[in-house]
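K.L.:
Quick one: the structure is below, and I'll ask about it shortly.
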Amino acid sequence: MKHIQVGEVDIPGQVFLAPMAGFSDLPYRNICRKWGASYAVAEMTASKENLQKTKKTSLRMTLNEESEPRGIQLIGSVPEELAEAAVRVQAAGAQIVDFNCGCPARKVCSVACGSALMKQPELVGEILQKMVSAVTVPVTLKIRTGWDSFSLNAVDIGKLAEDTGVKMLVIHGRTREQGFKGEAEYETARQLKNAVSIPVIVNGDINSGKKALDVLQYTGADGVMVGRAALGNPWLFKEINSILSGIEPQLLKRSDIEDTIIDHMKEHYAFYGEMLGIRTIRKHLNQYVKRFSLNGDELQKIYLAKNAGEQIERTRDLLGSSRFSVNVFEE
Ligand SMILES: Cc1cc2nc3c(=O)[nH]c(=O)nc-3n(C[C@H](O)[C@H](O)[C@H](O)COP(=O)(O)O)c2cc1C
């Protein structure tokens with residue numbers, strides 16, 4: 001498997017988990033890494049110092065038990081604040097600091113950060129310059145193709161980022177205007193890859209090994225980043241890695257699925273504590289249920305479990321009694 005060099009940091013593979021606020025927490029990043037994600041950046045963290053002190057944000061920033069390389073994504077629009085935040089996250093153990101210019105959420109864009117910054121290249125340049133000079137670890141940038149189809153400026157922003165010293169670019173093949181709708185396009189990523197010499201990672205609708213291979217071949221990019229398709233499906237990383245290595249992907253065993261889901265639940269409780277954990281794991285269980293067309297009614301019983309032991313038991317019962325509808329299993 002090809003390694004990706006991000007400044008001094010070596011990423012030992014080409015397939016990354018995308019940052020997904022609310023989902024890509026430490027337990028899920030660990031599960032995805034176990035199944036072959038070679039890098040998984042911690043979710044977006046507000047750059048304002050007071051926000052970083054909230055419980056939710058400090059959990060997002062917890063890096064202690066994460067395997068290397070450890071990265072944190074920052075969002076914001078004030079260069080000095082972002083530079084200070086970068087210093088703080090480096091001190092907290094980040095080996096890579098990522099800057100988010102891709103998030104389309106209204107909450108984010110109304111204060112002109114996330115993908116709204118694609119409209120303000122000079123400000124992006126200033127932010128990146130300040131971040132790069134504030135830390136010794138590499139700074140990376142996640143962008144969209146542009147604000148809308150009339151302003152596809154990812155290549156310009158990518159070149160500008162490289163000039164400021166950014167060490168890797170991730171491009172989501174949609175404009176801000178598209179949100180998550182329509183199909184991702186990869187032509188802009190191909191042009192970006194041709195225009196810069198730092199690694200370029202392609203993101204958007206990568207949902208199978210074949211798709212990953214096609215996109216890498218088409219764009220010439222260095223790696224792929226997988227978001228929604230990895231929800232409830234950490235095994236996808238193994239499939240993609242197999243295809244990229246020219247190996248026929250092996251069928252998953254039923255026990256692989258069951259053990260992974262139960263391990264995920266246990267890691268989740270250990271991280272969030274039992275009472276918060278049995279509530280917050282629901283969104284992940286919901287993803288697994290959707291992925292495998294498990295019996296959704298049973299989910300209610302799992303949701304209503306009063307403690308972790310009961311929730312695990314009920315999940316085991318559901319998994320044991322279900323006929324999975326996806327053909328990836330060996331009994
Ligand atoms: C629930 C959710 C939360 C997300 N949160 C973030 C985030 O915090 N930072 C970010 O850069 N992108 C975020 N994204 C965007 C993803 O990283 C990714 O760019 C996008 O989902 C496209 O990839 P996909 O088609 O593989 O899902 C989020 C996406 C989803 C679905």
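Residues in the structure tokens are numbered from 1 in each chain, the chains being A, B, ... in the order shown, and ligands are numbered from 1 in the order shown.
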Residues within 8 Å of ligand 1, counting only C-alpha atoms and all ligand atoms: report them as a PyMOL selection string.
P.N.:
chain A and resi 18-23+43-45+73+99-103+114+142-143+171-173+180+184+203-207+225-230
K.L.:
Using only C-alpha atoms, determine which residues lie at most 8 Å from Gln191 (chain A), disregarding the query and same-chain residues fewer than 3 positions distant; provide the list as a list in words.
P.N.:
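After dropping sequence-adjacent residues, the list is Val155, Glu187, Thr188, Asn194, Ala195 and Thr219 of chain A.
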K.L.:
Which polymer residues have any atom within 10 Å of an atom of Gly36 (chain A), counting only C-alpha atoms, with same-chain residues fewer than 5 positions away left out, as a list in words?
P.N.:
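Surrounding residues, per the criterion: Pro12, Gly13, Gln14, Val15, Phe16, Leu17, Asn30, Ile31, Pro234, Trp235, Leu236, Phe237, Lys238, Glu239, Ile240, Asn241 and Ser242 of chain A.
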K.L.:
If you count only C-alpha atoms, which residues fall within 7 Å of region 129-141 of chain A, apart from same-chain ones fewer than 2 positions away, as an NGL selection string?
P.N.:
:A and (6-7 or 79-80 or 82-83 or 86-87 or 95-100 or 125-127 or 143 or 164-170)
K.L.:
Please dump the current selection as an mmCIF file, in the first residue's frame; keep C-alpha atoms.
P.N.:
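Contents of the output file part.cif:
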```cif
data_model
loop_
_atom_site.group_PDB
_atom_site.id
_atom_site.type_symbol
_atom_site.label_atom_id
_atom_site.label_comp_id
_atom_site.auth_asym_id
_atom_site.auth_seq_id
_atom_site.Cartn_x
_atom_site.Cartn_y
_atom_site.Cartn_z
ATOM 1 C CA VAL A 6 2.482 14.937 4.911
ATOM 2 C CA GLY A 7 5.449 17.114 5.730
ATOM 3 C CA PRO A 79 -6.577 34.195 11.487
ATOM 4 C CA GLU A 80 -5.154 34.969 14.952
ATOM 5 C CA LEU A 82 -6.996 29.892 14.363
ATOM 6 C CA ALA A 83 -3.254 30.249 14.841
ATOM 7 C CA ALA A 86 -3.509 25.372 16.192
ATOM 8 C CA VAL A 87 -0.919 25.900 18.914
ATOM 9 C CA GLN A 95 0.485 15.629 14.732
ATOM 10 C CA ILE A 96 -1.474 17.208 11.879
ATOM 11 C CA VAL A 97 -3.742 20.261 12.063
ATOM 12 C CA ASP A 98 -6.428 20.421 9.409
ATOM 13 C CA PHE A 99 -8.347 23.522 8.431
ATOM 14 C CA ASN A 100 -11.949 23.168 7.292
ATOM 15 C CA GLY A 125 -4.315 32.637 2.550
ATOM 16 C CA GLU A 126 -3.924 34.792 5.643
ATOM 17 C CA ILE A 127 -5.418 32.126 7.926
ATOM 18 C CA ILE A 143 -11.975 22.269 0.546
ATOM 19 C CA THR A 164 1.657 29.180 2.309
ATOM 20 C CA GLY A 165 3.203 25.853 3.338
ATOM 21 C CA VAL A 166 0.140 23.597 3.589
ATOM 22 C CA LYS A 167 1.255 19.960 3.274
ATOM 23 C CA MET A 168 -1.852 18.127 2.030
ATOM 24 C CA LEU A 169 -5.180 18.968 0.397
ATOM 25 C CA VAL A 170 -8.466 17.119 0.638
#
```
K.L.:
Got a sec to tell me which of region 88-311 of chain A DSSP assigns to strand (DSSP E), as a PyMOL selection string?
P.N.:
chain A and resi 96-101+139-146+168-175+200-203+223-226+252-253
K.L.:
Any idea what's packed within 12 Å of region 300-306 of chain A, counting only C-alpha atoms, ignoring anything in its chain fewer than 2 positions away? Could you give it as a ChimeraX atom specification?
P.N.:
/A:265,274-286,289,295-298,308-319
K.L.:
Hey, can you spit out that residue selection with C-alpha atoms as a short mmCIF file (atom, residue, chain, number, x, y, z; two decimals), in the first residue's frame?
P.N.:
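And here is the file that came out, part_10.cif:
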```cif
data_model
loop_
_atom_site.label_atom_id
_atom_site.label_comp_id
_atom_site.auth_asym_id
_atom_site.auth_seq_id
_atom_site.Cartn_x
_atom_site.Cartn_y
_atom_site.Cartn_z
CA MET A 265 -20.38 -0.34 21.68
CA GLU A 274 -22.32 4.28 30.47
CA MET A 275 -25.36 6.55 30.80
CA LEU A 276 -24.41 9.01 28.06
CA GLY A 277 -22.98 6.16 26.00
CA ILE A 278 -26.16 4.08 25.83
CA ARG A 279 -27.93 7.10 24.34
CA THR A 280 -25.24 8.37 21.99
CA ILE A 281 -24.45 4.95 20.50
CA ARG A 282 -27.98 4.92 19.04
CA LYS A 283 -27.03 6.92 15.95
CA HIS A 284 -24.31 4.37 15.14
CA LEU A 285 -26.60 1.40 15.78
CA ASN A 286 -29.12 3.04 13.49
CA VAL A 289 -29.28 -1.44 11.09
CA ASN A 295 -35.13 -5.47 11.79
CA GLY A 296 -35.65 -1.78 12.64
CA ASP A 297 -38.44 -2.48 15.17
CA GLU A 298 -35.99 -4.36 17.34
CA ALA A 308 -24.83 -1.10 28.81
CA GLY A 309 -25.09 -4.82 29.60
CA GLU A 310 -28.74 -4.89 28.56
CA GLN A 311 -28.05 -2.90 25.41
CA ILE A 312 -25.29 -5.29 24.38
CA GLU A 313 -27.47 -8.33 25.11
CA ARG A 314 -30.34 -6.97 23.02
CA THR A 315 -27.96 -6.08 20.19
CA ARG A 316 -26.49 -9.58 20.28
CA ASP A 317 -30.02 -10.99 20.12
CA LEU A 318 -30.86 -8.84 17.13
CA LEU A 319 -27.67 -9.74 15.30
#
```
K.L.:
Please run DSSP on the backbone and report, as JSON, numbers by chain, all residues within region 91-325 of chain A that come out as helix (DSSP H, G or I).
P.N.:
{"A": [91, 106, 107, 108, 109, 114, 115, 116, 117, 118, 119, 121, 122, 123, 124, 125, 126, 127, 128, 129, 130, 131, 132, 133, 134, 154, 155, 156, 157, 158, 159, 160, 161, 162, 163, 164, 187, 188, 189, 190, 191, 192, 193, 194, 195, 209, 210, 211, 212, 213, 214, 215, 216, 217, 218, 219, 228, 229, 230, 236, 237, 238, 239, 240, 241, 242, 243, 244, 254, 255, 256, 257, 258, 259, 260, 261, 262, 263, 264, 265, 266, 267, 268, 269, 270, 271, 272, 274, 275, 276, 277, 278, 279, 280, 282, 283, 284, 285, 286, 287, 288, 289, 290, 291, 296, 297, 298, 299, 300, 301, 302, 303, 308, 309, 310, 311, 312, 313, 314, 315, 316, 317, 318, 319, 320, 321]}
K.L.:
So, with only C-alpha atoms as the atoms that count, which of A:Val215, A:Ala42, A:Ala221, A:Val202 lies closest to Ser67 (chain A)?
P.N.:
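Checking each of A:Val215, A:Ala42, A:Ala221, A:Val202 against Ser67 (chain A), counting only C-alpha atoms, the winner is A:Ala42.
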K.L.:
Can you pull out every residue within 10 Å of Arg70 (chain A), counting only C-alpha atoms, but drop anything in the same chain fewer than 6 positions away, and send it as a JSON list (two decimals) with N, CA and C atoms, in the first residue's frame?
P.N.:
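Result file is part-v1.json:
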```json
[["chain", "number", "residue", "atom", "x", "y", "z"],
["A", 9, "VAL", "N", 5.28, 13.88, 8.50],
["A", 9, "VAL", "CA", 4.41, 12.81, 9.01],
["A", 9, "VAL", "C", 4.11, 11.79, 7.91],
["A", 11, "ILE", "N", 1.76, 8.87, 6.58],
["A", 11, "ILE", "CA", 0.46, 8.20, 6.71],
["A", 11, "ILE", "C", 0.58, 6.87, 5.97],
["A", 39, "TYR", "N", -5.87, 6.90, 8.23],
["A", 39, "TYR", "CA", -5.88, 8.20, 8.89],
["A", 39, "TYR", "C", -7.32, 8.61, 9.13],
["A", 40, "ALA", "N", -7.56, 9.22, 10.28],
["A", 40, "ALA", "CA", -8.92, 9.63, 10.63],
["A", 40, "ALA", "C", -8.79, 10.88, 11.49],
["A", 41, "VAL", "N", -9.12, 12.01, 10.91],
["A", 41, "VAL", "CA", -8.94, 13.28, 11.62],
["A", 41, "VAL", "C", -10.09, 13.46, 12.61],
["A", 42, "ALA", "N", -9.77, 14.04, 13.76],
["A", 42, "ALA", "CA", -10.82, 14.29, 14.75],
["A", 42, "ALA", "C", -11.72, 15.41, 14.24],
["A", 63, "LEU", "N", -7.21, 12.83, 22.28],
["A", 63, "LEU", "CA", -6.40, 12.11, 21.31],
["A", 63, "LEU", "C", -5.63, 10.96, 21.95],
["A", 64, "ASN", "N", -5.68, 10.95, 23.29],
["A", 64, "ASN", "CA", -4.80, 10.04, 24.03],
["A", 64, "ASN", "C", -4.65, 8.65, 23.45],
["A", 90, "GLN", "N", -1.87, 21.40, 18.85],
["A", 90, "GLN", "CA", -0.55, 20.76, 18.75],
["A", 90, "GLN", "C", -0.08, 20.35, 20.15],
["A", 93, "GLY", "N", -1.47, 17.21, 21.43],
["A", 93, "GLY", "CA", -1.02, 15.96, 20.83],
["A", 93, "GLY", "C", -1.28, 15.79, 19.34],
["A", 94, "ALA", "N", -1.87, 16.82, 18.70],
["A", 94, "ALA", "CA", -2.12, 16.69, 17.26],
["A", 94, "ALA", "C", -0.80, 16.66, 16.50],
["A", 95, "GLN", "N", -0.71, 15.71, 15.58],
["A", 95, "GLN", "CA", 0.48, 15.63, 14.73],
["A", 95, "GLN", "C", 0.22, 16.26, 13.37],
["A", 96, "ILE", "N", -1.06, 16.50, 13.10],
["A", 96, "ILE", "CA", -1.47, 17.21, 11.88],
["A", 96, "ILE", "C", -2.62, 18.13, 12.30],
["A", 97, "VAL", "N", -2.61, 19.37, 11.80],
["A", 97, "VAL", "CA", -3.74, 20.26, 12.06],
["A", 97, "VAL", "C", -4.41, 20.55, 10.72]]
```
K.L.:
I'd like to know which of A:Phe150, A:Arg174, A:Ser208, A:Glu258 is closest to Ser321 (chain A), using only C-alpha atoms.
P.N.:
A:Glu258
K.L.:
Measure the distance from CA of Ala161 (chain A) to CA of Leu128 (chain A) in Å and round it to one decimal.
P.N.:
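So the two atoms, CA of Ala161 (chain A) and CA of Leu128 (chain A), lie 6.9 Å apart.
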K.L.:
Take CA of Tyr218 (chain A) and CA of Trp147 (chain A) and report the distance between them in Å, one decimal.
P.N.:
23.3 Å
